[in-house]
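Encoded as structure tokens, the structure appears first; notes follow it.
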Amino acid sequence: MSEDTTPDIVLSLDIDDPALADRLATLLGNVAGLRLAAPGEPAEATIVARDPRVMPEDIPLTQRELDVLALMAEGASNKMIARRLNISVHTVKFHVGSLLDKLDATGRTDAVAHAARRGVIEL
């Protein structure tokens with residue numbers, strides 16, 4: 001507890017980079033009203049930082065889906081994607097549908113936005 005008897009906010013860190021995690025732990029360890037959770041202890045909030053170059057494990061996209069997604073992010077139509085990847089428009093539609101399902105998106109723009117937010121692609 002803090003000196004003013006208000007309960008501390010318990011915070012955990014879930015960060016891939018050990019050096020960054022150590023720096024944040026050092027900085028946050030001295031903030032009044034905040035306490036870092038011990039390993040395995042439940043926390044009220046978690047700071048999460050992932051390496052954006054690593055594909056999130058919960059989004060298993062194929063290389064071809066990533067190719068289609070990158071072209072979607074450029075604004076390419078299905079016909080343009082088909083020409084660029086030397087595949088049929090039907091195959092592009094299949095990949096777009098698969099991307100919408102895997103990214104839980106309602107449309108092409110939403111899929112690109114979801115992928116960018118989750119670190120699958122960079123805009």
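Numbering starts fresh at 1 for the residues of each chain in the structure tokens, the chains themselves are lettered A, B, ... in the order given, and ligands are numbered from 1 as they appear.
Near A:Leu123, within 8 Å and counting only C-alpha atoms, sit Ala73, Ala116 and Ile121 of chain A, not including residues fewer than 2 positions from it in the same chain.
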Write out as a tab-separated table a residue-level contact list of stretch 5-71 of chain A versus stretch 96-100 of chain A with cut-off 9 Å: for each qualifying residue the closest pair of atoms and the distance in Å to one decimal, counting only C-alpha atoms, rows sorted by chain and residue number upward.
```
residue	atom	partner	partner_atom	distance
A:Leu61	CA	A:Leu99	CA	7.8
A:Glu65	CA	A:Leu99	CA	6.8
A:Leu66	CA	A:Leu99	CA	8.9
A:Val68	CA	A:Val96	CA	7.3
A:Leu69	CA	A:Leu99	CA	7.6
```
request  = Extract the full set of helix (DSSP H, G or I) residues from chain A according to DSSP on the backbone, and format it as a ChimeraX atom specification.
outcome  = /A:18-28,63-73,78-85,89-102,108-117
Env of A:Leu11: 7 Å cut, atoms = only C-alpha atoms, seq-sep filter 2 positions within chain, self excluded. Answer as a compact mmCIF listing (two decimals) with all heavy atoms, in the first residue's frame.
```txt
# COMPACT_ATOMS: atom_id res chain seq x y z
N ILE A 9 -1.95 0.02 -7.62
CA ILE A 9 -2.37 -0.63 -8.86
C ILE A 9 -1.30 -1.65 -9.18
O ILE A 9 -0.11 -1.33 -9.25
CB ILE A 9 -2.50 0.40 -10.00
CG1 ILE A 9 -3.61 1.40 -9.68
CG2 ILE A 9 -2.75 -0.31 -11.32
CD1 ILE A 9 -3.67 2.56 -10.65
N LEU A 13 4.21 -6.90 -16.70
CA LEU A 13 4.87 -6.62 -17.96
C LEU A 13 4.93 -7.90 -18.79
O LEU A 13 5.34 -8.94 -18.28
CB LEU A 13 6.29 -6.09 -17.74
CG LEU A 13 6.43 -4.81 -16.91
CD1 LEU A 13 7.90 -4.47 -16.71
CD2 LEU A 13 5.70 -3.66 -17.56
N ARG A 35 2.55 -0.88 -8.35
CA ARG A 35 3.41 -1.98 -7.92
C ARG A 35 3.46 -3.01 -9.03
O ARG A 35 2.43 -3.36 -9.60
CB ARG A 35 2.83 -2.61 -6.64
CG ARG A 35 3.70 -3.74 -6.09
CD ARG A 35 3.20 -4.24 -4.74
NE ARG A 35 1.86 -4.80 -4.80
CZ ARG A 35 1.56 -6.04 -5.24
NH1 ARG A 35 2.50 -6.83 -5.69
NH2 ARG A 35 0.32 -6.46 -5.24
N LEU A 36 4.65 -3.48 -9.35
CA LEU A 36 4.79 -4.51 -10.37
C LEU A 36 4.44 -5.87 -9.77
O LEU A 36 4.85 -6.19 -8.66
CB LEU A 36 6.21 -4.53 -10.93
CG LEU A 36 6.59 -3.30 -11.75
CD1 LEU A 36 8.05 -3.39 -12.19
CD2 LEU A 36 5.69 -3.14 -12.95
N ALA A 37 3.68 -6.65 -10.51
CA ALA A 37 3.26 -7.96 -10.05
C ALA A 37 4.44 -8.92 -10.00
O ALA A 37 5.34 -8.88 -10.84
CB ALA A 37 2.18 -8.52 -10.98
N ALA A 43 -2.64 -9.38 -12.11
CA ALA A 43 -2.43 -7.93 -12.19
C ALA A 43 -3.71 -7.26 -12.68
O ALA A 43 -4.53 -7.89 -13.34
CB ALA A 43 -1.28 -7.63 -13.14
N GLU A 44 -3.84 -6.00 -12.35
CA GLU A 44 -5.00 -5.23 -12.80
C GLU A 44 -4.82 -4.72 -14.22
O GLU A 44 -5.80 -4.44 -14.92
CB GLU A 44 -5.24 -4.07 -11.85
CG GLU A 44 -5.61 -4.54 -10.45
CD GLU A 44 -5.51 -3.43 -9.44
OE1 GLU A 44 -6.52 -2.75 -9.24
OE2 GLU A 44 -4.42 -3.28 -8.85
N ALA A 45 -3.58 -4.60 -14.66
CA ALA A 45 -3.27 -4.15 -16.01
C ALA A 45 -1.95 -4.78 -16.44
O ALA A 45 -1.12 -5.11 -15.60
CB ALA A 45 -3.18 -2.63 -16.06
N THR A 46 -1.80 -4.93 -17.74
CA THR A 46 -0.57 -5.51 -18.28
C THR A 46 -0.07 -4.64 -19.42
O THR A 46 -0.86 -4.24 -20.28
CB THR A 46 -0.82 -6.94 -18.81
OG1 THR A 46 -1.33 -7.74 -17.74
CG2 THR A 46 0.44 -7.57 -19.34
```
task = Just the strand (DSSP E) stuff from chain A, please, per backbone DSSP, written as a VMD selection string.
result = chain A and resid 9 to 15 34 to 36 45 to 49
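The interatomic distance for the pair atom CA of A:Arg84 and atom CA of A:Arg64 works out to 12.0 Å.
When only C-alpha atoms are used to measure the gap to A:Ile87, the shortest distance among A:Val48, A:Asp67, A:Pro42, A:Gly33 belongs to A:Asp67.
In this model, the gap between atom CA of A:Ile59 and atom CA of A:Glu41 comes to 27.7 Å.
Atom CA of A:Thr62 is found 17.3 Å from atom CA of A:Ser88.
Nearest residue to A:Pro18, choosing from A:Leu34, A:Gly40, A:Ala49, A:Lys79 and counting only C-alpha atoms: A:Ala49.
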inquiry  = Give me the residues near A:Arg108 as a PyMOL selection string, where near means some atom within 12 Å (using only C-alpha atoms) and where sequence neighbours in that chain fewer than 3 positions away do not count.
reply    = chain A and resi 68-78+93+95-101+103-105+111-115
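With only C-alpha atoms as the atoms that count, the minimum distance from A:Ala38 to the choices A:Gly107, A:Ile15, A:Val10, A:Leu24 is reached by A:Val10.
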